[in-house]
Every structure is written in C-alpha cells, then in structure tokens.
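Working notes, structure below.
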Amino acid sequence: MTPETFTDTAMVRIIAGEEEHLAHNYHPLPVVISRGEGAWVTDVEGKRYLDLLSAYSALNFGHGHPAILAAAQEQLNRLTLTSRAYHNDRLGPFAAALAELCGKDLVLPMNTGAEAVETGIKVARAWGYRVKGVPVDAATIVVAHGNFHGRTTTIVGFSDDDSARDGFGPFTPGFVSVPYGDAAAIEAAITPETVAVLIEPIQGEAGVILPPEGYLRAVREVCTARGVLFIADEIQSGLGRVGETFACDREGVVPDVYLLGKALGGGILPVSAVVADRDVLGVIRPGEHGSTFGGNPLAAAVGLRVVEMLQTGEFQSRAKLLGEHLEAKLQDLVGHGVTAVRVAGLWAGVDIDPAVGTGREVAERLIARGVLVKDTHGQTVRIAPPLVIRATELDWAVEQLRTVLAA
C-alpha cells in the first residue's frame, strides 16, 4: 500500500513530505496520527483507530494518561534539565522508588533502551574485570539467537538479523550467541572469561517468542552456579505488560541486572535505566559513564509517577486478566487464517497463514477497519494494546482481524 492509494490529500501530502526529507530507516504503515487518548488515536482526517501497538510497549498506560501528564506538566513549569553536573530534587526520589520496585540497591538512569543495554554491557565488563578477576579485554557475554536489544553498532554486532547487521561492520567482539530457550546451551557456552548472560525473558521483536517453562529458572541457576551475571532485558516485556511487573516474575526469578525503558517514560519522553545491587552497579566510577539528559528532572518526575502507578498492582492485574481474555479470542482464529498464537499478558504474537497474506498486508488491511497493529519477520503480527484498554474493545479488534482474514 502506498500513499497514492489514498484520496485524502492531507494524508498523502504529509507522508510525501516525510518521504522527501526523512532518512528511510523506517517503513511506517500508511496512517498519519495527530491525536491520542487512552487506547485510541485519531488521524489527520478525523478517523479513529484502536492502537494495538502502544509504541512497542512505550505507551503501556495509554495515550495522555492524566496522572502522567500532570506530573510532566508540573515539572515542565519548574525545571527540565540540569545535567548530572549538579543534583536535582527529582532524581533521588525516582531512583529510590525504582530501586524498591525492582528489589535492588542502585539505579543508573539513561534515556533510550539501547543506551540501557550499552550501559549494562559496560557494567558487566567492569564487574568482570574488577570483581570476578577476568583478564583485561577478555570478557565475553552470552546472548541468544533471535535477540533484539537495539540498533547501536555494538548491539547489532551480536544480532543474527541480516537487516540489522549488513553493511555496518566491523563489530565489537566479546559475544557468544546460543539458541534461545536452551539453558544447557548457555551453560556450555560459559567459560572462565564469561561475565554475563544477556537475554530477553520474552523475545519481542522476534514475534513475542515465549521460552519453554522453566527456562528462566534454569538460566538463573546456571548464572549463580558459574559466577556470571544474569542480565534481563525487560525494556519491552517489563513494567506491567505481561501481567506481572517483570516478565522474570512469571517464573519467580530475579536477575542480577534489570534493563528498563519504553514504558518507564510514560509515553511522554524517553527514560531508561539499569537497576542492580551495589556489588554490581557500584563498579562504575565517576566519569566512566554518563549522559547529559540521563536522569534529568523531567524524566525523573515522569518515571516516578510511572513507578507509583505500578506499585498499586492495578495495571499488572489488568494485563493478566485481559490477556487471558485476548488469548481465548485469538485462539479461535487458529486454522482460520492464523497458524499460531503466543500470548503473555497483553502481548501477543499472531502468525498469519501465508495463504492469507503477509503480516504487513494484514496490518495494512486492518487500518481500513480502524485497528493499528505492526508486523514483524514476515508473517507475524504483534498485538500490544495499552493496559487501559477494555475487554469490549479487544473483542471488537479481534472481530476486525477475523473479518480481514476471512476476506
């Protein structure tokens, strides 16, 4: 589907303007959004859509949640940025609340998810050299096939997605990749120079891939037994999305390091963090890592409000109950244009039968019916609605999908 498909001149003009002046590092679906509220967005021509993507889980609390907007507006009127050259009165309370939510001691605030991952890598290496005693420049980190941790040059270097890697080498050494879901493969890959295992508890970009039951517990046991850090990338899966505060909670597992982002900014601005105990995160010394905007007072005020909202457990409970409801509805589509469904809380990967079309084609057809989803890896459609969505809205969305598949 191309902009020329539409007769809406405003939409065509806006998309054409983007195509003319933006680098083509994205291939957006052909819809131009101008407003959002709760689980709904409105395009430039006034048509409403149910948002089943939530900006890849950055909008867990929906568009324009009044409590988050109030925190941001109050802080906007006071102070937005100091840099970490000085203290500010918002960062300490945010760090304390986030550390408590995670059951950890320390927080290192950054901005984007990729920055959190890069920071986690640096922390793991510093810990390996300064605590574990790994020889200088010899540290390795075990990662998983199918991973998505961001798009910086270090991170894409240990991706097995050709579209992320091709043309961007040479890559940073020090990473060993093993099959996802195989704890025995992780154990076999660990050597005396291994400092960490970095995994997504649920692989999001890969298509909401759920590991086998017991995998996270086994990874935790292996890391403990072999003296390496367990780093959980909860940037998409964390903060209520899967019906628990963290996806690791589904197996009662606590990693050594949490990598957080997306929903931590409440859908207002980028906020990320690395959270760990003092014996791990305490290895970073002044001047070794930082960010001009990391930990800014506006981000801290918004992040604090997000943590306060999660402390009630309301959003986790909604995700759990509505996720069970959504899974039952989606399972009815298996054999009717859908080949498989994977669901964790309000997060689903729906594999489209190639006879019906690609994931992209199904996403484009849903636009015409007022539903926004996003494809990944050819045949999969991802569903991740704001946690404020209602069951009746989920029912309506699934019916639109059913109609598109039948057509």
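Residues are referred to by chain and number: the chain letter is A, B, ... according to the order shown in the structure tokens, the number counts from 1 in that chain, and ligands are numbered separately from 1 in the order shown.
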
For Ala183 of chain A, work out the shell of residues within 8 Å, counting only C-alpha atoms and skipping chain neighbours fewer than 6 positions away, then give it as a ChimeraX atom specification. /A:215,218-219,222

Expected file: the selected residues, N, CA, C and O atoms, as a short mmCIF file (atom, residue, chain, number, x, y, z; two decimals), in the first residue's frame:
```
data_model
loop_
_atom_site.label_atom_id
_atom_site.label_comp_id
_atom_site.auth_asym_id
_atom_site.auth_seq_id
_atom_site.Cartn_x
_atom_site.Cartn_y
_atom_site.Cartn_z
N TYR A 215 12.76 -22.20 31.74
CA TYR A 215 13.98 -21.68 31.13
C TYR A 215 14.63 -20.59 31.97
O TYR A 215 15.84 -20.62 32.24
N ALA A 218 16.19 -21.94 35.05
CA ALA A 218 17.43 -22.66 34.74
C ALA A 218 18.56 -21.68 34.45
O ALA A 218 19.71 -21.91 34.88
N VAL A 219 18.26 -20.59 33.74
CA VAL A 219 19.29 -19.58 33.47
C VAL A 219 19.78 -18.96 34.77
O VAL A 219 20.98 -18.77 34.97
N VAL A 222 22.06 -21.47 36.49
CA VAL A 222 23.35 -21.59 35.79
C VAL A 222 24.23 -20.38 36.10
O VAL A 222 25.43 -20.53 36.41
#
```

Each segment 195-296 of chain A residue no farther than 8 Å from segment 380-392 of chain A, nearest pair in Å, only C-alpha atoms, as a Markdown table:
```
| residue | atom | partner | partner_atom | distance |
| --- | --- | --- | --- | --- |
| A:Gly207 | CA | A:Thr380 | CA | 6.2 |
| A:Val208 | CA | A:Arg382 | CA | 7.3 |
| A:Arg241 | CA | A:Leu387 | CA | 7.3 |
```

Each residue of segment 69-126 of chain A with at least one atom at most 12 Å from segment 152-157 of chain A should appear once, together with its nearest atom pair and the corresponding distance in Å (one decimal); atoms considered: only C-alpha atoms; ordering: chain, then increasing residue number; output as JSON lines.
```
{"residue": "A:Thr112", "atom": "CA", "partner": "A:Thr152", "partner_atom": "CA", "distance": 11.1}
{"residue": "A:Gly113", "atom": "CA", "partner": "A:Thr152", "partner_atom": "CA", "distance": 10.5}
{"residue": "A:Ala114", "atom": "CA", "partner": "A:Thr152", "partner_atom": "CA", "distance": 6.9}
{"residue": "A:Glu115", "atom": "CA", "partner": "A:Thr152", "partner_atom": "CA", "distance": 8.6}
{"residue": "A:Ala116", "atom": "CA", "partner": "A:Ile155", "partner_atom": "CA", "distance": 11.2}
{"residue": "A:Val117", "atom": "CA", "partner": "A:Ile155", "partner_atom": "CA", "distance": 8.1}
{"residue": "A:Glu118", "atom": "CA", "partner": "A:Ile155", "partner_atom": "CA", "distance": 7.6}
{"residue": "A:Thr119", "atom": "CA", "partner": "A:Ile155", "partner_atom": "CA", "distance": 11.3}
{"residue": "A:Gly120", "atom": "CA", "partner": "A:Ile155", "partner_atom": "CA", "distance": 11.4}
{"residue": "A:Ile121", "atom": "CA", "partner": "A:Thr154", "partner_atom": "CA", "distance": 9.5}
{"residue": "A:Lys122", "atom": "CA", "partner": "A:Thr154", "partner_atom": "CA", "distance": 11.1}
```

Extract, using only C-alpha atoms, all DNA, RNA and protein residues at most 12 Å from Ser163 of chain A, discarding same-chain residues fewer than 4 positions from it, and format them as a PyMOL selection string. chain A and resi 25-26+148+151+156-157+159+167-168+377

Using only N, CA, C and O atoms, please write the residues we just selected to a file, as a PDB file, in the first residue's frame.
```pdb
ATOM      1  N   ASN A  25      14.976   5.049   7.354  1.00  0.00           N
ATOM      2  CA  ASN A  25      15.344   3.972   8.270  1.00  0.00           C
ATOM      3  C   ASN A  25      14.122   3.276   8.855  1.00  0.00           C
ATOM      4  O   ASN A  25      14.256   2.322   9.619  1.00  0.00           O
ATOM      5  N   TYR A  26      12.918   3.725   8.494  1.00  0.00           N
ATOM      6  CA  TYR A  26      11.679   3.058   8.881  1.00  0.00           C
ATOM      7  C   TYR A  26      10.794   2.900   7.648  1.00  0.00           C
ATOM      8  O   TYR A  26      10.942   3.641   6.663  1.00  0.00           O
ATOM      9  N   PHE A 148      16.770  -9.069  20.091  1.00  0.00           N
ATOM     10  CA  PHE A 148      16.709  -7.669  19.672  1.00  0.00           C
ATOM     11  C   PHE A 148      16.921  -6.817  20.921  1.00  0.00           C
ATOM     12  O   PHE A 148      16.064  -6.765  21.794  1.00  0.00           O
ATOM     13  N   ARG A 151      19.824  -0.948  18.258  1.00  0.00           N
ATOM     14  CA  ARG A 151      20.432  -0.834  16.930  1.00  0.00           C
ATOM     15  C   ARG A 151      21.756  -0.075  16.925  1.00  0.00           C
ATOM     16  O   ARG A 151      22.178   0.421  15.888  1.00  0.00           O
ATOM     17  N   VAL A 156      24.005  -4.471  17.297  1.00  0.00           N
ATOM     18  CA  VAL A 156      23.695  -5.204  16.068  1.00  0.00           C
ATOM     19  C   VAL A 156      24.797  -6.201  15.742  1.00  0.00           C
ATOM     20  O   VAL A 156      24.572  -7.167  15.011  1.00  0.00           O
ATOM     21  N   GLY A 157      25.967  -6.008  16.311  1.00  0.00           N
ATOM     22  CA  GLY A 157      27.058  -6.942  16.083  1.00  0.00           C
ATOM     23  C   GLY A 157      26.778  -8.326  16.621  1.00  0.00           C
ATOM     24  O   GLY A 157      27.339  -9.313  16.127  1.00  0.00           O
ATOM     25  N   SER A 159      23.559  -9.474  16.828  1.00  0.00           N
ATOM     26  CA  SER A 159      22.258  -9.854  16.282  1.00  0.00           C
ATOM     27  C   SER A 159      22.467 -10.845  15.145  1.00  0.00           C
ATOM     28  O   SER A 159      23.500 -10.827  14.483  1.00  0.00           O
ATOM     29  N   GLY A 167      26.236  -4.345   6.323  1.00  0.00           N
ATOM     30  CA  GLY A 167      26.748  -3.038   5.957  1.00  0.00           C
ATOM     31  C   GLY A 167      27.199  -2.177   7.111  1.00  0.00           C
ATOM     32  O   GLY A 167      27.534  -1.003   6.903  1.00  0.00           O
ATOM     33  N   PHE A 168      27.225  -2.737   8.332  1.00  0.00           N
ATOM     34  CA  PHE A 168      27.549  -1.907   9.498  1.00  0.00           C
ATOM     35  C   PHE A 168      28.779  -2.390  10.266  1.00  0.00           C
ATOM     36  O   PHE A 168      29.097  -1.862  11.322  1.00  0.00           O
ATOM     37  N   HIS A 377       9.024  -9.820  11.022  1.00  0.00           N
ATOM     38  CA  HIS A 377       9.570 -11.065  10.468  1.00  0.00           C
ATOM     39  C   HIS A 377       8.609 -11.751   9.499  1.00  0.00           C
ATOM     40  O   HIS A 377       8.397 -12.965   9.563  1.00  0.00           O
TER      41      HIS A 377
END
```

Which residue, A:Cys223, A:Val356, A:Ala340, A:Ala363, has the smallest gap to Ile209 of chain A when you use only C-alpha atoms?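 Among A:Cys223, A:Val356, A:Ala340, A:Ala363, it is A:Ala340 that comes nearest to Ile209 of chain A.
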
So which residues of segment 3-113 of chain A fall under alpha helix (DSSP H) by DSSP, listed as an MDAnalysis selection string? chainID A and resid 9:21 54:57 66:76 91:102 113

One decimal place gives the atom CA of Tyr49 of chain A-atom CA of Val31 of chain A separation as 9.8 Å

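Distances from A:Asp332, A:Ser237, A:Ser317, A:Val283 to Tyr56 of chain A were compared using only C-alpha atoms, and the smallest one belongs to A:Ser237.
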
Identify, on the basis of only C-alpha atoms, every residue whose closest approach to segment 291-306 of chain A does not exceed 6 Å; exclude the query and any residue fewer than 6 positions from it along the same chain; express the result as a PDB file with N, CA and C atoms, in the first residue's frame.
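File written: out-v5.pdb
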```pdb
ATOM      1  N   ALA A  71       2.074  15.021  36.143  1.00  0.00           N
ATOM      2  CA  ALA A  71       3.441  15.028  36.672  1.00  0.00           C
ATOM      3  C   ALA A  71       4.382  15.747  35.727  1.00  0.00           C
ATOM      4  N   ALA A  72       4.214  15.498  34.425  1.00  0.00           N
ATOM      5  CA  ALA A  72       5.078  16.149  33.438  1.00  0.00           C
ATOM      6  C   ALA A  72       4.834  17.654  33.396  1.00  0.00           C
ATOM      7  N   GLN A  75       6.287  19.476  36.387  1.00  0.00           N
ATOM      8  CA  GLN A  75       7.736  19.576  36.321  1.00  0.00           C
ATOM      9  C   GLN A  75       8.197  20.504  35.200  1.00  0.00           C
ATOM     10  N   THR A  80      13.521  21.474  33.874  1.00  0.00           N
ATOM     11  CA  THR A  80      13.564  20.334  32.962  1.00  0.00           C
ATOM     12  C   THR A  80      14.933  19.680  32.876  1.00  0.00           C
ATOM     13  N   LEU A  81      16.022  20.443  33.028  1.00  0.00           N
ATOM     14  CA  LEU A  81      17.343  19.874  32.806  1.00  0.00           C
ATOM     15  C   LEU A  81      18.395  20.615  33.614  1.00  0.00           C
ATOM     16  N   SER A  83      21.662  18.645  33.786  1.00  0.00           N
ATOM     17  CA  SER A  83      22.763  17.720  33.552  1.00  0.00           C
ATOM     18  C   SER A  83      23.160  17.135  34.906  1.00  0.00           C
ATOM     19  N   ARG A  90      14.443  15.844  41.877  1.00  0.00           N
ATOM     20  CA  ARG A  90      13.544  14.794  41.406  1.00  0.00           C
ATOM     21  C   ARG A  90      14.235  13.449  41.241  1.00  0.00           C
ATOM     22  N   LEU A  91      15.529  13.468  40.980  1.00  0.00           N
ATOM     23  CA  LEU A  91      16.223  12.238  40.631  1.00  0.00           C
ATOM     24  C   LEU A  91      16.316  11.260  41.797  1.00  0.00           C
ATOM     25  N   PHE A  94      13.008   9.387  42.453  1.00  0.00           N
ATOM     26  CA  PHE A  94      12.763   8.439  41.363  1.00  0.00           C
ATOM     27  C   PHE A  94      13.642   7.206  41.516  1.00  0.00           C
ATOM     28  N   PRO A 109      20.429   5.955  35.552  1.00  0.00           N
ATOM     29  CA  PRO A 109      19.429   6.431  34.584  1.00  0.00           C
ATOM     30  C   PRO A 109      20.052   6.815  33.247  1.00  0.00           C
ATOM     31  N   MET A 110      19.364   6.446  32.183  1.00  0.00           N
ATOM     32  CA  MET A 110      19.751   6.844  30.831  1.00  0.00           C
ATOM     33  C   MET A 110      18.492   7.304  30.103  1.00  0.00           C
ATOM     34  N   ASN A 111      18.514   7.286  28.793  1.00  0.00           N
ATOM     35  CA  ASN A 111      17.382   7.806  28.022  1.00  0.00           C
ATOM     36  C   ASN A 111      16.679   6.703  27.223  1.00  0.00           C
ATOM     37  N   LEU A 264       8.774   3.156  30.951  1.00  0.00           N
ATOM     38  CA  LEU A 264       9.279   3.940  32.088  1.00  0.00           C
ATOM     39  C   LEU A 264       9.104   5.431  31.855  1.00  0.00           C
ATOM     40  N   GLY A 265       9.025   5.845  30.593  1.00  0.00           N
ATOM     41  CA  GLY A 265       8.804   7.253  30.264  1.00  0.00           C
ATOM     42  C   GLY A 265       7.347   7.621  30.095  1.00  0.00           C
TER      43      GLY A 265
END
```

Excluding segment 178-182 of chain A and its own-chain neighbours fewer than 5 positions away, which residues fall within 10 Å of it when counting only C-alpha atoms? Please give them as an MDAnalysis selection string. chainID A and resid 142:147 187:189 199:203 209:216 218:219

Which residue, A:Leu239, A:Val343, A:Val228, A:Leu322, has the smallest gap to Lys262 of chain A when you use only C-alpha atoms?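 The shortest atom-to-atom distance to Lys262 of chain A comes from A:Leu239.
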
Counting only C-alpha atoms, the residue of A:Arg220, A:Arg278, A:His87, A:Arg285 that sits nearest Ala232 of chain A: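 The closest residue to Ala232 of chain A is A:Arg220.
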
Find the spatial neighbours of segment 366-369 of chain A, counting only C-alpha atoms, within a cut-off of 10 Å - ignore same-chain residues fewer than 3 positions away - and output them as a list in words.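 Neighbouring residues, sequence-local ones excluded: Leu29, Pro30, Val31, Lys47, Arg48, Tyr49, Leu50, Arg360, Glu361, Val362, Ala363, Leu372, Val373, Ala397, Gln400, Leu401, Thr403, Val404 and Leu405 of chain A.
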
Selected residues written out with C-alpha atoms, as an mmCIF file, in the first residue's frame:
```cif
data_model
loop_
_atom_site.group_PDB
_atom_site.id
_atom_site.type_symbol
_atom_site.label_atom_id
_atom_site.label_comp_id
_atom_site.auth_asym_id
_atom_site.auth_seq_id
_atom_site.Cartn_x
_atom_site.Cartn_y
_atom_site.Cartn_z
ATOM 1 C CA LEU A 29 2.289 1.913 7.876
ATOM 2 C CA PRO A 30 0.327 4.488 5.844
ATOM 3 C CA VAL A 31 -1.576 6.299 8.561
ATOM 4 C CA LYS A 47 -10.706 8.867 11.621
ATOM 5 C CA ARG A 48 -10.218 6.968 14.881
ATOM 6 C CA TYR A 49 -8.184 3.806 15.352
ATOM 7 C CA LEU A 50 -7.730 1.384 18.218
ATOM 8 C CA ARG A 360 2.370 -6.384 6.616
ATOM 9 C CA GLU A 361 -0.591 -6.916 4.302
ATOM 10 C CA VAL A 362 -2.851 -7.874 7.204
ATOM 11 C CA ALA A 363 -1.712 -4.794 9.162
ATOM 12 C CA LEU A 372 -3.484 -0.486 14.287
ATOM 13 C CA VAL A 373 -1.044 -3.386 14.671
ATOM 14 C CA ALA A 397 -10.464 -5.582 17.398
ATOM 15 C CA GLN A 400 -11.910 -6.854 12.684
ATOM 16 C CA LEU A 401 -8.978 -9.236 12.389
ATOM 17 C CA THR A 403 -13.070 -10.204 9.019
ATOM 18 C CA VAL A 404 -9.788 -9.266 7.371
ATOM 19 C CA LEU A 405 -8.577 -12.865 7.479
#
```

Using only C-alpha atoms, which of the listed residues (A:Ala344, A:Ile268, A:Val12, A:Leu310) sits closest to His63 of chain A?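 Between A:Ala344, A:Ile268, A:Val12, A:Leu310, the residue approaching His63 of chain A most closely is A:Ile268.
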
Select, from A:Asp279, A:Glu327, A:Asp256, A:Asp351, the residue with the minimum atom-to-atom distance to Ala206 of chain A, counting only C-alpha atoms. A:Asp351

Quote the spacing between atom CA of Asp162 of chain A and atom CA of Pro28 of chain A in Å to one decimal place.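 We find that atom CA of Asp162 of chain A and atom CA of Pro28 of chain A lie 19.6 Å from each other.
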
Any idea what's packed within 12 Å of Leu229 of chain A, counting only C-alpha atoms, ignoring anything in its chain fewer than 5 positions away? Could you give it as a ChimeraX atom specification? /A:120-121,123-128,131-132,140-142,190,194-199,219-224,254-258,276-277,279-281

Let me see the file: selected residues, N, CA and C atoms, as a CSV table (one decimal), in the first residue's frame.
```csv
chain,number,residue,atom,x,y,z
A,120,GLY,N,24.4,-1.6,30.4
A,120,GLY,CA,24.5,-2.9,31.0
A,120,GLY,C,25.7,-3.7,30.6
A,121,ILE,N,26.1,-3.6,29.3
A,121,ILE,CA,27.3,-4.3,28.8
A,121,ILE,C,28.5,-3.7,29.5
A,123,VAL,N,28.7,-2.2,32.4
A,123,VAL,CA,28.7,-2.6,33.8
A,123,VAL,C,29.2,-4.0,33.9
A,124,ALA,N,28.7,-4.9,33.1
A,124,ALA,CA,29.1,-6.3,33.2
A,124,ALA,C,30.5,-6.5,33.0
A,125,ARG,N,31.1,-5.8,32.0
A,125,ARG,CA,32.5,-5.9,31.7
A,125,ARG,C,33.3,-5.4,32.9
A,126,ALA,N,32.9,-4.2,33.4
A,126,ALA,CA,33.7,-3.6,34.5
A,126,ALA,C,33.6,-4.6,35.7
A,127,TRP,N,32.4,-5.1,36.0
A,127,TRP,CA,32.3,-6.1,37.1
A,127,TRP,C,33.2,-7.3,36.9
A,128,GLY,N,33.2,-7.8,35.6
A,128,GLY,CA,34.1,-8.9,35.3
A,128,GLY,C,35.5,-8.7,35.6
A,131,VAL,N,35.7,-7.3,39.8
A,131,VAL,CA,35.2,-8.2,40.9
A,131,VAL,C,35.6,-9.6,40.6
A,132,LYS,N,35.2,-10.1,39.4
A,132,LYS,CA,35.5,-11.5,39.1
A,132,LYS,C,36.9,-11.8,38.8
A,140,THR,N,33.6,-12.0,28.0
A,140,THR,CA,32.6,-12.4,27.0
A,140,THR,C,31.2,-12.4,27.6
A,141,ILE,N,30.2,-12.2,26.8
A,141,ILE,CA,28.8,-12.2,27.2
A,141,ILE,C,28.0,-13.1,26.4
A,142,VAL,N,27.3,-14.0,27.0
A,142,VAL,CA,26.4,-14.9,26.2
A,142,VAL,C,25.1,-14.3,25.9
A,190,ILE,N,29.5,-20.9,28.6
A,190,ILE,CA,30.2,-20.2,29.7
A,190,ILE,C,31.6,-20.7,29.9
A,194,THR,N,33.6,-15.5,30.9
A,194,THR,CA,32.2,-15.1,30.7
A,194,THR,C,31.9,-14.2,31.9
A,195,VAL,N,31.3,-13.0,31.6
A,195,VAL,CA,30.9,-12.1,32.7
A,195,VAL,C,29.4,-12.0,32.9
A,196,ALA,N,28.6,-12.4,31.8
A,196,ALA,CA,27.2,-12.2,31.9
A,196,ALA,C,26.5,-13.0,30.9
A,197,VAL,N,25.2,-13.3,31.1
A,197,VAL,CA,24.2,-13.8,30.2
A,197,VAL,C,23.2,-12.7,30.0
A,198,LEU,N,23.0,-12.2,28.7
A,198,LEU,CA,22.1,-11.2,28.4
A,198,LEU,C,21.0,-11.7,27.6
A,199,ILE,N,19.7,-11.8,28.1
A,199,ILE,CA,18.6,-12.3,27.3
A,199,ILE,C,17.4,-11.5,27.5
A,219,VAL,N,18.3,-20.6,33.7
A,219,VAL,CA,19.3,-19.6,33.5
A,219,VAL,C,19.8,-19.0,34.8
A,220,ARG,N,18.9,-18.7,35.7
A,220,ARG,CA,19.2,-18.1,37.0
A,220,ARG,C,20.2,-19.1,37.7
A,221,GLU,N,19.8,-20.3,37.7
A,221,GLU,CA,20.6,-21.3,38.4
A,221,GLU,C,22.0,-21.5,37.8
A,222,VAL,N,22.1,-21.5,36.5
A,222,VAL,CA,23.3,-21.6,35.8
A,222,VAL,C,24.2,-20.4,36.1
A,223,CYS,N,23.7,-19.2,36.0
A,223,CYS,CA,24.4,-18.0,36.3
A,223,CYS,C,25.0,-18.0,37.7
A,224,THR,N,24.1,-18.4,38.7
A,224,THR,CA,24.6,-18.4,40.0
A,224,THR,C,25.7,-19.4,40.2
A,254,VAL,N,14.7,-13.6,39.9
A,254,VAL,CA,15.2,-12.2,40.0
A,254,VAL,C,16.6,-12.2,39.3
A,255,PRO,N,16.8,-11.4,38.3
A,255,PRO,CA,18.1,-11.3,37.6
A,255,PRO,C,19.0,-10.4,38.5
A,256,ASP,N,20.3,-10.4,38.1
A,256,ASP,CA,21.2,-9.6,38.8
A,256,ASP,C,21.1,-8.1,38.3
A,257,VAL,N,20.7,-8.0,37.0
A,257,VAL,CA,20.6,-6.6,36.4
A,257,VAL,C,19.3,-6.6,35.6
A,258,TYR,N,18.5,-5.5,35.9
A,258,TYR,CA,17.3,-5.2,35.0
A,258,TYR,C,17.7,-4.1,34.1
A,276,ALA,N,20.4,-2.5,39.6
A,276,ALA,CA,21.1,-3.7,40.1
A,276,ALA,C,21.5,-3.4,41.6
A,277,ASP,N,22.1,-4.4,42.2
A,277,ASP,CA,22.6,-4.2,43.6
A,277,ASP,C,23.9,-3.5,43.6
A,279,ASP,N,26.8,-4.3,44.8
A,279,ASP,CA,28.0,-5.0,44.4
A,279,ASP,C,28.2,-5.2,42.9
A,280,VAL,N,27.2,-4.9,42.1
A,280,VAL,CA,27.3,-4.9,40.7
A,280,VAL,C,27.4,-3.5,40.1
A,281,LEU,N,26.4,-2.7,40.3
A,281,LEU,CA,26.4,-1.4,39.7
A,281,LEU,C,27.4,-0.4,40.4
```

Could you please write out, as a list in words, every residue of segment 13-107 of chain A that DSSP assigns to strand (DSSP E or B)? Ile33, Ser34, Arg35, Gly36, Glu37, Gly38, Trp40, Val41, Thr42, Asp43, Arg48, Tyr49, Leu50, Asp51, His63, Leu106 and Val107 of chain A

Filtering to N, CA, C and O atoms, could you give me those residues as a short mmCIF file (atom, residue, chain, number, x, y, z; two decimals), in the first residue's frame?
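part.cif, freshly written:
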```cif
data_model
loop_
_atom_site.label_atom_id
_atom_site.label_comp_id
_atom_site.auth_asym_id
_atom_site.auth_seq_id
_atom_site.Cartn_x
_atom_site.Cartn_y
_atom_site.Cartn_z
N ILE A 33 -1.12 9.96 12.32
CA ILE A 33 -1.81 10.17 13.59
C ILE A 33 -1.56 11.58 14.09
O ILE A 33 -0.43 12.08 14.04
N SER A 34 -2.61 12.20 14.58
CA SER A 34 -2.46 13.57 15.09
C SER A 34 -2.88 13.73 16.54
O SER A 34 -2.48 14.69 17.20
N ARG A 35 -3.70 12.80 17.06
CA ARG A 35 -4.14 12.90 18.45
C ARG A 35 -4.27 11.51 19.05
O ARG A 35 -4.47 10.53 18.32
N GLY A 36 -4.18 11.44 20.39
CA GLY A 36 -4.37 10.17 21.06
C GLY A 36 -4.96 10.35 22.43
O GLY A 36 -4.70 11.34 23.12
N GLU A 37 -5.78 9.39 22.82
CA GLU A 37 -6.37 9.40 24.17
C GLU A 37 -6.68 7.96 24.57
O GLU A 37 -7.41 7.26 23.87
N GLY A 38 -6.09 7.53 25.68
CA GLY A 38 -6.32 6.16 26.14
C GLY A 38 -5.78 5.16 25.15
O GLY A 38 -4.61 5.19 24.79
N TRP A 40 -7.00 4.89 22.07
CA TRP A 40 -7.44 5.33 20.75
C TRP A 40 -6.58 6.48 20.23
O TRP A 40 -6.11 7.31 21.00
N VAL A 41 -6.42 6.49 18.91
CA VAL A 41 -5.74 7.60 18.26
C VAL A 41 -6.62 8.09 17.11
O VAL A 41 -7.51 7.37 16.63
N THR A 42 -6.36 9.31 16.66
CA THR A 42 -7.13 9.92 15.58
C THR A 42 -6.17 10.43 14.52
O THR A 42 -5.14 11.03 14.85
N ASP A 43 -6.51 10.19 13.25
CA ASP A 43 -5.61 10.65 12.19
C ASP A 43 -5.95 12.08 11.77
O ASP A 43 -6.87 12.71 12.30
N ARG A 48 -10.75 7.53 13.65
CA ARG A 48 -10.22 6.97 14.88
C ARG A 48 -9.77 5.53 14.66
O ARG A 48 -10.35 4.79 13.87
N TYR A 49 -8.73 5.16 15.42
CA TYR A 49 -8.18 3.81 15.35
C TYR A 49 -7.92 3.31 16.77
O TYR A 49 -7.49 4.07 17.64
N LEU A 50 -8.11 2.01 16.96
CA LEU A 50 -7.73 1.38 18.22
C LEU A 50 -6.25 1.01 18.12
O LEU A 50 -5.84 0.27 17.22
N ASP A 51 -5.44 1.53 19.02
CA ASP A 51 -4.00 1.34 18.99
C ASP A 51 -3.63 0.02 19.68
O ASP A 51 -3.69 -0.07 20.91
N HIS A 63 -2.40 6.64 25.77
CA HIS A 63 -2.07 8.00 25.31
C HIS A 63 -2.63 9.02 26.30
O HIS A 63 -3.80 9.00 26.65
N LEU A 106 20.63 0.08 43.50
CA LEU A 106 21.07 1.24 42.75
C LEU A 106 20.42 1.33 41.38
O LEU A 106 20.04 0.30 40.78
N VAL A 107 20.35 2.55 40.88
CA VAL A 107 19.79 2.85 39.56
C VAL A 107 20.78 3.70 38.78
O VAL A 107 21.35 4.65 39.34
#
```
